[in-house]
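Below is final-v8.txt, which holds compact mmCIF, C-alpha atoms.
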# COMPACT_ATOMS: atom_id res chain seq x y z
CA MET A 38 -6.75 16.62 -7.14
CA ARG A 39 -4.05 14.00 -7.71
CA ILE A 40 -3.03 11.18 -5.38
CA LEU A 41 0.15 9.12 -5.77
CA PHE A 42 0.06 5.63 -4.26
CA VAL A 43 3.39 3.77 -4.09
CA GLY A 44 3.43 -0.04 -4.05
CA ASP A 45 5.17 -2.12 -1.38
CA ILE A 46 8.65 -0.76 -0.64
CA PHE A 47 10.97 -3.76 -0.28
CA GLY A 48 14.18 -3.35 1.71
CA GLN A 49 17.02 -0.94 0.98
CA PRO A 50 16.65 -1.19 -2.83
CA GLY A 51 13.01 -0.14 -2.52
CA LYS A 52 13.88 2.78 -0.26
CA HIS A 53 16.47 3.95 -2.77
CA ALA A 54 13.93 3.96 -5.60
CA ALA A 55 11.33 5.64 -3.41
CA SER A 56 13.74 8.37 -2.33
CA ARG A 57 14.46 9.14 -5.98
CA PHE A 58 11.03 8.91 -7.58
CA ILE A 59 8.53 10.06 -4.94
CA PRO A 60 9.85 13.66 -4.81
CA GLN A 61 10.17 13.66 -8.61
CA TYR A 62 6.57 12.60 -9.21
CA ILE A 63 5.19 14.92 -6.53
CA ARG A 64 6.95 17.81 -8.29
CA ASP A 65 6.45 16.88 -11.94
CA TRP A 66 2.87 15.57 -11.67
CA ASP A 67 1.69 18.20 -9.18
CA ILE A 68 0.70 15.53 -6.64
CA ASP A 69 -1.52 16.72 -3.77
CA PHE A 70 -1.33 13.63 -1.54
CA CYS A 71 0.98 10.60 -1.34
CA VAL A 72 0.40 7.21 0.28
CA VAL A 73 3.12 4.55 0.53
CA ASN A 74 2.85 0.90 1.55
CA GLY A 75 5.86 0.35 3.82
CA GLU A 76 5.33 -3.03 5.46
CA ASN A 77 8.42 -4.58 3.79
CA ALA A 78 10.72 -1.57 4.08
CA ALA A 79 12.85 -2.94 6.94
CA GLY A 80 15.02 -5.57 5.24
CA GLY A 81 11.98 -6.98 3.45
CA PHE A 82 9.97 -7.66 6.60
CA GLY A 83 8.30 -5.04 8.77
CA LEU A 84 8.89 -1.37 9.45
CA THR A 85 10.86 0.65 12.00
CA GLU A 86 10.35 4.16 13.29
CA ASN A 87 13.56 5.37 11.66
CA ILE A 88 12.61 3.94 8.26
CA ALA A 89 9.10 5.38 8.55
CA SER A 90 10.65 8.82 9.16
CA LYS A 91 12.72 8.40 5.99
CA ILE A 92 9.64 7.50 3.95
CA PHE A 93 7.83 10.57 5.26
CA SER A 94 10.86 12.67 4.32
CA TYR A 95 10.51 11.48 0.69
CA GLY A 96 7.05 13.08 0.60
CA ALA A 97 4.65 10.42 1.92
CA ASP A 98 1.65 11.72 3.86
CA VAL A 99 0.45 8.32 5.11
CA ILE A 100 2.15 4.90 5.34
CA THR A 101 -0.02 1.81 4.98
CA SER A 102 0.97 -1.80 5.64
CA GLY A 103 -0.20 -5.40 5.77
CA ASN A 104 0.51 -8.78 7.31
CA HIS A 105 4.22 -8.03 7.97
CA ILE A 106 3.66 -4.82 9.93
CA PHE A 107 4.15 -6.53 13.30
CA ASP A 108 7.38 -8.34 12.33
CA ARG A 109 9.48 -5.73 14.15
CA GLN A 110 8.64 -5.46 17.84
CA GLU A 111 9.64 -1.80 18.07
CA ILE A 112 6.89 -0.71 15.69
CA HIS A 113 4.15 -1.75 18.12
CA ALA A 114 4.59 1.31 20.35
CA VAL A 115 4.98 3.55 17.29
CA LEU A 116 1.66 2.33 15.91
CA GLU A 117 -0.07 3.13 19.18
CA ASN A 118 0.95 6.80 18.94
CA SER A 119 0.87 7.45 15.19
CA THR A 120 -2.06 8.75 13.17
CA THR A 121 -0.22 8.41 9.84
CA ILE A 122 1.23 4.87 10.03
CA LEU A 123 -1.58 2.36 9.58
CA ARG A 124 -2.03 -1.36 10.11
CA PRO A 125 -4.95 -3.29 8.58
CA ALA A 126 -8.18 -2.16 10.24
CA ASN A 127 -9.71 -5.63 10.34
CA TYR A 128 -7.26 -7.08 12.86
CA PRO A 129 -9.05 -8.06 16.09
CA ARG A 130 -9.71 -5.54 18.87
CA GLY A 131 -6.74 -4.84 21.11
CA VAL A 132 -4.11 -5.04 18.36
CA PRO A 133 -1.76 -2.02 18.46
CA GLY A 134 -2.40 0.86 16.09
CA ARG A 135 -5.20 2.11 13.90
CA GLY A 136 -6.54 1.07 10.51
CA TYR A 137 -7.73 4.35 9.06
CA THR A 138 -7.02 8.06 9.28
CA VAL A 139 -7.96 11.42 7.83
CA ALA A 140 -5.12 13.75 6.79
CA ARG A 141 -4.80 17.07 4.99
CA SER A 142 -3.56 17.16 1.42
CA ARG A 143 -1.24 19.82 0.00
CA ASN A 144 -4.27 21.66 -1.37
CA GLY A 145 -6.00 21.66 2.01
CA MET A 146 -8.54 18.89 1.31
CA LYS A 147 -9.24 16.14 3.83
CA VAL A 148 -8.29 12.67 2.59
CA GLY A 149 -9.40 9.47 4.28
CA VAL A 150 -7.04 6.51 4.05
CA VAL A 151 -8.25 3.01 4.98
CA ASN A 152 -5.99 -0.05 5.32
CA LEU A 153 -7.61 -3.49 5.03
CA GLN A 154 -6.30 -7.04 4.71
CA GLY A 155 -7.74 -9.97 2.81
CA ARG A 156 -8.58 -13.40 4.24
CA ILE A 157 -8.28 -15.78 1.28
CA TYR A 158 -4.94 -17.66 1.68
CA MET A 159 -4.12 -15.32 4.60
CA GLN A 160 -4.84 -15.12 8.33
CA PRO A 161 -8.53 -15.59 9.20
CA ILE A 162 -8.98 -12.12 10.66
CA ASP A 163 -12.17 -10.05 10.74
CA SER A 164 -14.17 -9.41 7.56
CA PRO A 165 -12.70 -6.56 5.48
CA PHE A 166 -16.16 -5.96 4.02
CA ALA A 167 -17.88 -5.51 7.38
CA VAL A 168 -15.04 -3.40 8.79
CA ALA A 169 -15.06 -1.21 5.66
CA ASP A 170 -18.77 -0.56 6.23
CA GLU A 171 -18.10 0.49 9.82
CA ILE A 172 -15.28 2.85 8.86
CA LEU A 173 -17.20 4.47 6.02
CA GLU A 174 -20.07 5.15 8.39
CA ARG A 175 -17.64 6.95 10.74
CA LEU A 176 -16.14 8.94 7.87
CA GLN A 177 -19.53 9.99 6.52
CA GLY A 178 -19.75 13.78 6.46
CA GLU A 179 -16.02 14.26 7.09
CA THR A 180 -14.66 13.64 3.61
CA ARG A 181 -15.72 12.15 0.28
CA ILE A 182 -12.12 11.49 -0.75
CA ILE A 183 -11.29 8.02 0.58
CA LEU A 184 -8.44 5.75 -0.54
CA VAL A 185 -8.40 2.05 0.39
CA ASP A 186 -5.21 -0.04 0.45
CA PHE A 187 -6.44 -3.64 0.26
CA HIS A 188 -3.53 -5.91 1.19
CA ALA A 189 -4.67 -9.28 -0.12
CA GLU A 190 -3.51 -12.42 -1.91
CA ALA A 191 -6.47 -13.33 -4.10
CA THR A 192 -7.35 -11.23 -7.13
CA SER A 193 -10.98 -12.32 -6.78
CA GLU A 194 -11.19 -10.94 -3.24
CA LYS A 195 -9.62 -7.66 -4.34
CA MET A 196 -12.09 -7.30 -7.19
CA ALA A 197 -14.94 -8.19 -4.85
CA LEU A 198 -14.01 -5.38 -2.46
CA GLY A 199 -13.61 -2.99 -5.39
CA TYR A 200 -17.16 -3.63 -6.58
CA TYR A 201 -18.49 -3.73 -3.01
CA LEU A 202 -17.14 -0.23 -2.34
CA ASP A 203 -17.73 1.15 -5.84
CA GLY A 204 -19.17 4.65 -5.60
CA ARG A 205 -18.48 4.86 -1.88
CA VAL A 206 -14.71 5.42 -2.02
CA THR A 207 -12.35 7.15 -4.43
CA ALA A 208 -10.07 4.15 -5.00
CA VAL A 209 -9.47 0.54 -4.00
CA LEU A 210 -5.81 -0.26 -4.64
CA GLY A 211 -4.45 -3.76 -4.15
CA THR A 212 -1.09 -4.55 -2.55
CA HIS A 213 0.78 -7.63 -1.22
CA THR A 214 1.55 -9.80 -4.28
CA HIS A 215 4.44 -7.54 -5.42
CA VAL A 216 3.51 -7.95 -9.10
CA GLN A 217 1.91 -4.98 -10.82
CA THR A 218 -1.28 -5.90 -12.68
CA ALA A 219 -2.55 -4.36 -15.92
CA ASP A 220 -6.22 -4.15 -14.93
CA GLU A 221 -6.45 -0.52 -13.79
CA ARG A 222 -9.91 0.92 -14.44
CA ILE A 223 -12.66 3.18 -13.21
CA LEU A 224 -15.52 1.02 -11.93
CA PRO A 225 -19.12 1.85 -13.01
CA LYS A 226 -19.94 4.09 -10.02
CA GLY A 227 -16.68 6.07 -10.06
CA THR A 228 -14.14 4.15 -7.95
CA ALA A 229 -10.60 3.67 -9.31
CA PHE A 230 -9.34 0.10 -9.03
CA ILE A 231 -6.24 -2.01 -9.65
CA SER A 232 -5.65 -5.56 -8.38
CA ASP A 233 -2.06 -4.86 -7.38
CA VAL A 234 0.06 -1.72 -7.54
CA GLY A 235 3.24 -3.80 -7.51
CA MET A 236 6.55 -3.67 -5.66
CA THR A 237 9.02 -0.83 -5.33
CA GLY A 238 12.24 -2.78 -5.00
CA PRO A 239 14.46 -5.44 -6.62
CA HIS A 240 12.70 -7.28 -9.45
CA ASP A 241 15.59 -9.65 -10.27
CA SER A 242 14.19 -11.75 -7.45
CA ILE A 243 11.22 -13.80 -6.33
CA ILE A 244 8.88 -11.06 -5.11
CA GLY A 245 11.83 -9.20 -3.63
CA VAL A 246 13.74 -12.10 -2.06
CA ARG A 247 17.04 -13.46 -3.40
CA VAL A 248 16.25 -16.19 -5.94
CA GLU A 249 18.44 -18.88 -4.38
CA GLN A 250 16.88 -18.37 -0.94
CA SER A 251 13.33 -18.53 -2.25
CA LEU A 252 14.10 -21.65 -4.28
CA GLN A 253 15.53 -23.34 -1.19
CA ARG A 254 12.25 -22.73 0.63
CA ILE A 255 9.89 -23.53 -2.26
CA VAL A 256 11.68 -26.44 -3.98
CA LYS A 257 13.24 -28.18 -0.97
CA GLN A 258 10.76 -27.05 1.70
CA MET A 259 13.70 -26.23 4.00
CA PRO A 260 13.67 -23.29 6.43
CA THR A 261 15.71 -20.43 4.99
CA ARG A 262 16.46 -16.91 6.15
CA PHE A 263 15.26 -14.45 3.51
CA SER A 264 17.06 -11.27 2.50
CA PRO A 265 16.32 -8.69 -0.20
CA ALA A 266 17.78 -9.09 -3.67
CA GLU A 267 19.77 -6.13 -5.00
CA SER A 268 19.26 -5.74 -8.75
CA GLY A 269 16.52 -4.93 -11.21
CA ILE A 270 15.23 -2.14 -8.99
CA LYS A 271 11.91 -0.62 -10.09
CA PHE A 272 9.46 1.95 -8.79
CA SER A 273 5.82 0.80 -8.87
CA ALA A 274 2.92 3.18 -8.24
CA VAL A 275 -0.37 4.53 -9.51
CA MET A 276 -1.63 8.08 -9.88
CA VAL A 277 -5.33 8.67 -9.29
CA GLU A 278 -6.93 11.91 -10.43
CA LEU A 279 -10.27 12.74 -8.85
CA ASN A 280 -13.07 15.27 -8.61
CA ASP A 281 -12.52 17.24 -5.38
CA SER A 282 -16.23 17.86 -4.84
CA THR A 283 -17.60 14.36 -5.38
CA GLY A 284 -14.56 12.26 -4.48
CA LYS A 285 -15.13 10.20 -7.63
CA ALA A 286 -12.10 9.10 -9.63
CA LEU A 287 -11.53 10.61 -13.06
CA SER A 288 -8.54 8.49 -14.08
CA ILE A 289 -5.98 5.99 -12.82
CA GLU A 290 -2.51 5.63 -14.38
CA ARG A 291 0.13 3.00 -13.67
CA VAL A 292 3.78 3.96 -13.03
CA PHE A 293 6.60 1.41 -13.53
CA GLU A 294 10.07 2.99 -13.63
CA ASP A 295 13.56 1.51 -13.75
CA ASP A 296 16.00 2.81 -11.14
CA TYR A 297 19.34 2.70 -12.92
CA GLU A 298 21.24 4.91 -10.49
The structure given in the file should be rewritten as structure tokens.
Amino acid sequence: MRILFVGDIFGQPGKHAASRFIPQYIRDWDIDFCVVNGENAAGGFGLTENIASKIFSYGADVITSGNHIFDRQEIHAVLENSTTILRPANYPRGVPGRGYTVARSRNGMKVGVVNLQGRIYMQPIDSPFAVADEILERLQGETRIILVDFHAEATSEKMALGYYLDGRVTAVLGTHTHVQTADERILPKGTAFISDVGMTGPHDSIIGVRVEQSLQRIVKQMPTRFSPAESGIKFSAVMVELNDSTGKALSIERVFEDDYE
């Protein structure tokens, strides 16, 4: 079985690349299941119901997110009713939405998808390690194929969760920093890992934002409205191949494509 995971879609440029490459990779690589991080798809910040529908139309089976998922008020009600749009599971009780799901792949297998958020240099929410334990206990007996989107800032925290869950999940895939890392590997007990899948969007930018706007904020410490850059568009993803019976990963391959159209 093959799973395609697409890194953070950023604004309209990211949606353009996703609309082109997701169907292409699903077809050419015989992908059975596709997960997309969409928390920056709405102008770089948040997600809307209409944009989520577009991402699903490209071929996504589940949309994950992170700390920007609540930036758009309208998504709150959508999260309450959706089983395929996730917010990080380790937000406190009472927050709209759900942090994990089980969905059917194209080959009929059940796939668990878990969304977690880090705490180092981010909001001090509940422990992703403890919440992961709780979720895996609930998923026990339902499926051995489990993908974790860990939306975190610190590479050390991402690696820590990878080793903590090694052998218990199929893959731990990092998101949030918008820079694809070159440390993809299969951990000793069979879990695929990468620190960050990267950004699907404009790379002639500062992590997606127009350079001049980001510099205004960082250099001068002045409040600035951010908007997506428009050039250097790239598609960032990973493909994980796994053993259907055991749920263990067999390989992980990075994808980094230029969108010249």
Box in all listed atoms of segment 74-82 of chain A, axis-aligned, with 3 Å more on each side; write out centre and edge lengths in Å to one decimal as lines of an AutoDock Vina configuration file.
center_x = 8.9
center_y = -3.4
center_z = 4.2
size_x = 18.2
size_y = 14.6
size_z = 11.4
Nearest candidate to Ile243 of chain A (options A:Gly149, A:Thr101, A:Gly81, A:Val168; using all atoms listed in the file):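 Result for the nearest residue to Ile243 of chain A: A:Gly81.
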Pick from A:Glu117, A:Glu290, A:Glu249, A:Asp163 nearest to Pro129 of chain A, counting all atoms listed in the file: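 The answer is A:Asp163, which sits nearest to Pro129 of chain A.
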Selection near Ser268 of chain A, 10 Å with only C-alpha atoms, sequence-local residues under 6 positions removed, as a PyMOL selection string: chain A and resi 50+238-242+245+247+296-297
Around the point (-14.9, -2.8, 6.2) in the file's coordinates, collect all residues with an atom within 10 Å, using all atoms listed in the file, and return them as a PDB file with C-alpha atoms, keeping the file's coordinate frame.
ATOM      1  CA  ALA A 126      -8.180  -2.160  10.240  1.00  0.00           C
ATOM      2  CA  ASN A 127      -9.710  -5.630  10.340  1.00  0.00           C
ATOM      3  CA  VAL A 151      -8.250   3.010   4.980  1.00  0.00           C
ATOM      4  CA  ASN A 152      -5.990  -0.050   5.320  1.00  0.00           C
ATOM      5  CA  LEU A 153      -7.610  -3.490   5.030  1.00  0.00           C
ATOM      6  CA  GLN A 154      -6.300  -7.040   4.710  1.00  0.00           C
ATOM      7  CA  ASP A 163     -12.170 -10.050  10.740  1.00  0.00           C
ATOM      8  CA  SER A 164     -14.170  -9.410   7.560  1.00  0.00           C
ATOM      9  CA  PRO A 165     -12.700  -6.560   5.480  1.00  0.00           C
ATOM     10  CA  PHE A 166     -16.160  -5.960   4.020  1.00  0.00           C
ATOM     11  CA  ALA A 167     -17.880  -5.510   7.380  1.00  0.00           C
ATOM     12  CA  VAL A 168     -15.040  -3.400   8.790  1.00  0.00           C
ATOM     13  CA  ALA A 169     -15.060  -1.210   5.660  1.00  0.00           C
ATOM     14  CA  ASP A 170     -18.770  -0.560   6.230  1.00  0.00           C
ATOM     15  CA  GLU A 171     -18.100   0.490   9.820  1.00  0.00           C
ATOM     16  CA  ILE A 172     -15.280   2.850   8.860  1.00  0.00           C
ATOM     17  CA  LEU A 173     -17.200   4.470   6.020  1.00  0.00           C
ATOM     18  CA  GLU A 174     -20.070   5.150   8.390  1.00  0.00           C
ATOM     19  CA  VAL A 185      -8.400   2.050   0.390  1.00  0.00           C
ATOM     20  CA  LEU A 198     -14.010  -5.380  -2.460  1.00  0.00           C
ATOM     21  CA  TYR A 201     -18.490  -3.730  -3.010  1.00  0.00           C
ATOM     22  CA  LEU A 202     -17.140  -0.230  -2.340  1.00  0.00           C
TER      23      LEU A 202
END
For atom CA of Leu116 of chain A and atom CA of Arg205 of chain A, the interatomic separation in Å (one decimal): 27.0 Å
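The space between atom CA of Arg175 of chain A and atom CA of Ile63 of chain A spans 29.7 Å.
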Atom pair atom CA of Glu221 of chain A / atom CA of Thr138 of chain A: separation (Å):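 Computing it gives 24.6 Å between the two atoms.
Within the 9 Å cut-off around Thr283 of chain A, using only C-alpha atoms and omitting residues fewer than 2 positions from it on the same chain, the listed residues are A:Arg181, A:Ile182, A:Thr207, A:Leu279, A:Asn280, A:Asp281, A:Lys285, A:Ala286.
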